[in-house]
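File shown here: coords19.tsv, holding TSV, C-alpha atoms.
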```
chain	number	residue	atom	x	y	z
A	1	MET	CA	-4.27	13.91	-49.02
A	2	ASN	CA	-1.81	12.10	-46.82
A	3	LYS	CA	-1.85	13.27	-43.20
A	4	ALA	CA	0.86	12.18	-40.80
A	5	VAL	CA	-0.40	9.75	-38.21
A	6	ARG	CA	0.35	10.90	-34.68
A	7	PRO	CA	0.96	8.40	-31.94
A	8	SER	CA	-2.08	7.83	-29.78
A	9	ARG	CA	-2.09	10.40	-26.95
A	10	PRO	CA	-4.37	10.36	-23.97
A	11	GLN	CA	-7.49	12.37	-24.68
A	12	THR	CA	-8.06	14.07	-21.36
A	13	ARG	CA	-5.84	16.21	-19.17
A	14	ARG	CA	-6.26	13.62	-16.40
A	15	GLN	CA	-4.99	10.86	-18.67
A	16	ARG	CA	-1.97	12.96	-19.65
A	17	VAL	CA	-1.21	13.67	-15.98
A	18	GLU	CA	-1.48	9.97	-15.08
A	19	GLU	CA	0.70	9.00	-18.05
A	20	LYS	CA	3.40	11.47	-16.99
A	21	GLU	CA	3.22	10.30	-13.37
A	22	GLN	CA	3.65	6.68	-14.47
A	23	ALA	CA	6.63	7.64	-16.65
A	24	ILE	CA	8.27	9.34	-13.67
A	25	ILE	CA	7.62	6.34	-11.41
A	26	ALA	CA	9.02	3.92	-14.01
A	27	ALA	CA	12.12	6.07	-14.46
A	28	ALA	CA	12.57	6.35	-10.69
A	29	ARG	CA	12.27	2.57	-10.30
A	30	ALA	CA	15.09	2.11	-12.81
A	31	VAL	CA	17.32	4.81	-11.29
A	32	PHE	CA	16.77	3.69	-7.68
A	33	GLY	CA	17.42	0.09	-8.74
A	34	LYS	CA	20.63	1.04	-10.53
A	35	ASN	CA	22.05	3.68	-8.18
A	36	GLY	CA	20.38	3.16	-4.82
A	37	PHE	CA	18.53	5.92	-3.02
A	38	ASP	CA	21.47	8.09	-1.97
A	39	LYS	CA	23.11	8.19	-5.40
A	40	ALA	CA	19.86	8.54	-7.36
A	41	LYS	CA	19.48	11.99	-8.86
A	42	ILE	CA	16.16	13.64	-9.66
A	43	ALA	CA	17.78	15.07	-12.81
A	44	GLU	CA	18.48	11.54	-14.10
A	45	ILE	CA	14.96	10.41	-13.23
A	46	ALA	CA	13.51	13.40	-15.08
A	47	LYS	CA	15.66	12.75	-18.14
A	48	ARG	CA	14.62	9.07	-18.28
A	49	ALA	CA	10.97	10.07	-17.90
A	50	GLY	CA	11.25	12.68	-20.64
A	51	VAL	CA	10.24	15.58	-18.40
A	52	ALA	CA	11.92	18.61	-16.90
A	53	GLU	CA	13.41	18.21	-13.43
A	54	GLY	CA	10.91	20.73	-12.05
A	55	THR	CA	8.06	18.60	-13.37
A	56	VAL	CA	9.12	15.75	-11.09
A	57	TYR	CA	8.64	18.09	-8.12
A	58	LEU	CA	5.17	19.02	-9.35
A	59	TYR	CA	4.21	15.36	-8.95
A	60	PHE	CA	6.32	14.37	-5.94
A	61	GLU	CA	7.33	16.56	-3.00
A	62	ASN	CA	10.81	15.05	-2.68
A	63	LYS	CA	12.91	11.97	-3.38
A	64	ASN	CA	11.39	10.13	-0.38
A	65	ALA	CA	7.88	10.64	-1.74
A	66	LEU	CA	9.01	9.37	-5.12
A	67	LEU	CA	10.57	6.30	-3.54
A	68	LEU	CA	7.32	5.61	-1.67
A	69	ALA	CA	5.39	5.92	-4.97
A	70	VAL	CA	7.74	3.37	-6.57
A	71	ALA	CA	7.26	0.96	-3.65
A	72	THR	CA	3.50	1.48	-3.68
A	73	GLU	CA	3.28	0.79	-7.41
A	74	PHE	CA	5.36	-2.38	-6.95
A	75	TYR	CA	3.23	-3.63	-4.06
A	76	ASP	CA	-0.01	-2.81	-5.89
A	77	ARG	CA	1.10	-4.91	-8.88
A	78	LEU	CA	2.48	-7.67	-6.65
A	79	THR	CA	-0.72	-7.91	-4.61
A	80	HIS	CA	-3.05	-7.70	-7.61
A	81	ASP	CA	-1.16	-10.37	-9.55
A	82	ALA	CA	-1.02	-12.66	-6.51
A	83	ALA	CA	-4.77	-12.37	-5.91
A	84	GLU	CA	-5.54	-12.91	-9.60
A	85	GLY	CA	-3.10	-15.81	-9.88
A	86	ILE	CA	-4.75	-17.91	-7.18
A	87	LYS	CA	-8.33	-17.39	-8.37
A	88	SER	CA	-8.39	-20.22	-10.88
A	89	LEU	CA	-6.25	-22.66	-8.91
A	90	PRO	CA	-8.28	-25.54	-7.52
A	91	ASP	CA	-6.58	-26.42	-4.25
A	92	THR	CA	-4.50	-25.12	-1.37
A	93	LYS	CA	-1.29	-26.83	-2.46
A	94	SER	CA	-1.33	-25.29	-5.95
A	95	ARG	CA	-2.23	-21.87	-4.54
A	96	LEU	CA	0.62	-21.95	-2.05
A	97	ALA	CA	3.03	-23.16	-4.74
A	98	PHE	CA	1.92	-20.31	-7.01
A	99	LEU	CA	2.32	-17.72	-4.25
A	100	ALA	CA	5.80	-18.98	-3.34
A	101	ARG	CA	6.95	-18.87	-6.97
A	102	HIS	CA	5.27	-15.52	-7.59
A	103	HIS	CA	6.85	-13.98	-4.51
A	104	VAL	CA	10.39	-15.19	-5.16
A	105	GLU	CA	10.32	-14.26	-8.86
A	106	ARG	CA	8.90	-10.78	-8.37
A	107	VAL	CA	10.98	-9.86	-5.35
A	108	ALA	CA	14.19	-11.17	-6.96
A	109	ALA	CA	13.48	-9.22	-10.15
A	110	GLU	CA	12.94	-5.97	-8.23
A	111	TRP	CA	15.30	-6.56	-5.32
A	112	PRO	CA	17.62	-3.57	-5.82
A	113	MET	CA	14.69	-1.15	-5.86
A	114	LEU	CA	12.72	-3.00	-3.19
A	115	SER	CA	15.57	-3.20	-0.68
A	116	THR	CA	16.20	0.51	-1.21
A	117	ALA	CA	12.52	1.41	-0.85
A	118	MET	CA	11.75	-0.66	2.23
A	119	MET	CA	14.95	-0.08	4.23
A	120	PRO	CA	13.83	3.25	5.77
A	121	PHE	CA	10.58	1.64	6.91
A	122	LYS	CA	12.20	-1.44	8.42
A	123	ALA	CA	14.66	0.67	10.38
A	124	SER	CA	11.86	2.66	11.98
A	125	ASP	CA	10.87	1.96	15.58
A	126	GLU	CA	7.32	2.75	14.51
A	127	TYR	CA	7.40	0.31	11.56
A	128	ARG	CA	3.79	-0.78	12.14
A	129	GLN	CA	2.62	2.80	11.57
A	130	THR	CA	4.50	3.26	8.27
A	131	GLU	CA	3.19	3.14	4.72
A	132	GLY	CA	5.64	0.32	4.04
A	133	TYR	CA	4.07	-1.85	6.72
A	134	GLN	CA	0.59	-1.20	5.32
A	135	LEU	CA	1.73	-2.13	1.80
A	136	ASN	CA	3.22	-5.34	3.13
A	137	ARG	CA	0.12	-6.20	5.18
A	138	THR	CA	-2.15	-5.80	2.17
A	139	TYR	CA	0.06	-8.19	0.20
A	140	VAL	CA	0.34	-10.73	3.03
A	141	GLU	CA	-3.46	-10.78	3.30
A	142	VAL	CA	-3.53	-12.78	0.05
A	143	PHE	CA	-1.39	-15.47	1.74
A	144	ASP	CA	-3.48	-15.31	4.90
A	145	GLN	CA	-6.66	-15.91	2.91
A	146	VAL	CA	-5.17	-18.98	1.21
A	147	ILE	CA	-4.18	-20.36	4.62
A	148	ARG	CA	-7.66	-19.68	6.08
A	149	ASP	CA	-9.28	-21.34	3.06
A	150	GLY	CA	-6.91	-24.30	3.42
A	151	ILE	CA	-7.85	-24.69	7.08
A	152	ASN	CA	-11.56	-24.50	6.23
A	153	ARG	CA	-11.11	-27.16	3.52
A	154	GLY	CA	-9.20	-29.42	5.92
A	155	ASP	CA	-6.00	-29.17	3.83
A	156	ILE	CA	-4.10	-27.48	6.66
A	157	ARG	CA	-4.34	-28.30	10.34
A	158	THR	CA	-5.17	-25.45	12.70
```
Take the structure in this file and express it as structure tokens.
Amino acid sequence: MNKAVRPSRPQTRRQRVEEKEQAIIAAARAVFGKNGFDKAKIAEIAKRAGVAEGTVYLYFENKNALLLAVATEFYDRLTHDAAEGIKSLPDTKSRLAFLARHHVERVAAEWPMLSTAMMPFKASDEYRQTEGYQLNRTYVEVFDQVIRDGINRGDIRT
């Protein structure tokens, strides 16, 4: 008896929901990066994600919410990878060098999407109260900690 092998699917409803959400975010990242915010179409995002257009709206209220989800996912990865990357480095100089390289490489690779995602926040008079500011602050905290550690070690003057 030879049964067809199905691709591994998430076992729980929650896992399926999260998988679909991630597919939509990945598709949105690509479409925003290619077309910019104004020219990005939810229909194209849905098609790339393999879902119906209405499904996108079940997960995200509107295009702005989807853009924020893309930026949040980017910053979460950026911050996590920065924090993990410095853990095994022995000194302040190597940590700062890693962070500089990490930042430039990641931001350059995602610049079309990132500039699109962060522009509405930067233009706001209330920037410090925006989600974009909070994402950026969380990321910058990794740099701040390296600087504080460098000062405590005597590698950096106060």
Task: Pick from A:Phe98, A:Phe60, A:Phe37, A:Tyr139, whichever lies nearest to Asp76 of chain A using all atoms listed in the file - done: A:Tyr139
TODO: Might you pull out every residue within 9 Å of Gly85 of chain A, with all atoms listed in the file counted and same-chain residues fewer than 4 positions away left off, and present them as an MDAnalysis selection string?
DONE: chainID A and resid 80:81 89 95 98:99 102
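Proximity of A:Ile86, A:Ala52, A:Ala40, A:Val107 to Gln145 of chain A, computed with only C-alpha atoms, is greatest for A:Ile86.
Atom to atom, atom CA of Arg101 of chain A and atom CA of Ile25 of chain A stand 25.6 Å apart.
Of note, atom CA of Glu84 of chain A and atom CA of Ala109 of chain A are spaced 19.4 Å apart.
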- [ ] Might you pull out every residue within 9 Å of Glu141 of chain A, with all atoms listed in the file counted and same-chain residues fewer than 5 positions away left off, and present them as JSON, numbers by chain?
- [x] {"A": [79, 136, 146]}
Task: Closest of A:Asn64, A:Thr55, A:Gln11, A:Gln22 to Met119 of chain A - atom-to-atom distances counting all atoms listed in the file - done: A:Asn64
Do you have, as a tab-separated table, the list of residues of segment 45-128 of chain A lying at most 9 Å from segment 28-31 of chain A, each with its nearest atom pair and that distance in Å to one decimal, counting only C-alpha atoms and ordered by chain then number?
```
residue	atom	partner	partner_atom	distance
A:Ile45	CA	A:Ala28	CA	5.4
A:Ala46	CA	A:Ala28	CA	8.4
A:Arg48	CA	A:Ala28	CA	8.3
A:Ala49	CA	A:Ala28	CA	8.3
A:Leu66	CA	A:Ala28	CA	7.3
A:Leu67	CA	A:Ala28	CA	7.4
A:Val70	CA	A:Arg29	CA	5.9
A:Ala71	CA	A:Arg29	CA	8.5
A:Glu110	CA	A:Arg29	CA	8.8
A:Met113	CA	A:Arg29	CA	6.3
```
TODO: Excluding Val56 of chain A and residues on its chain fewer than 5 positions from it, collect all residues at most 8 Å away from it, counting all atoms listed in the file, and give them as JSON, numbers by chain.
DONE: {"A": [24, 42, 46, 51]}
Open item on the list: Please compute the atom CA of Gly150 of chain A-atom CA of His103 of chain A distance, one decimal, in Å.
Closed with: 18.9 Å
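Nearest residue to Leu135 of chain A among A:Arg157, A:Phe74, A:Lys93, A:Ile151 is A:Phe74, counting all atoms listed in the file.
Nearest-residue note for Tyr75 of chain A: choosing from A:Val140, A:Ala97, A:Ala27, A:Ala108, the minimum distance belongs to A:Val140, counting only C-alpha atoms.
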Open item on the list: Ranking A:Glu105, A:Asp144, A:Glu73, A:Asp125 by minimum distance to Glu21 of chain A and counting only C-alpha atoms, which one comes first?
Closed with: A:Glu73
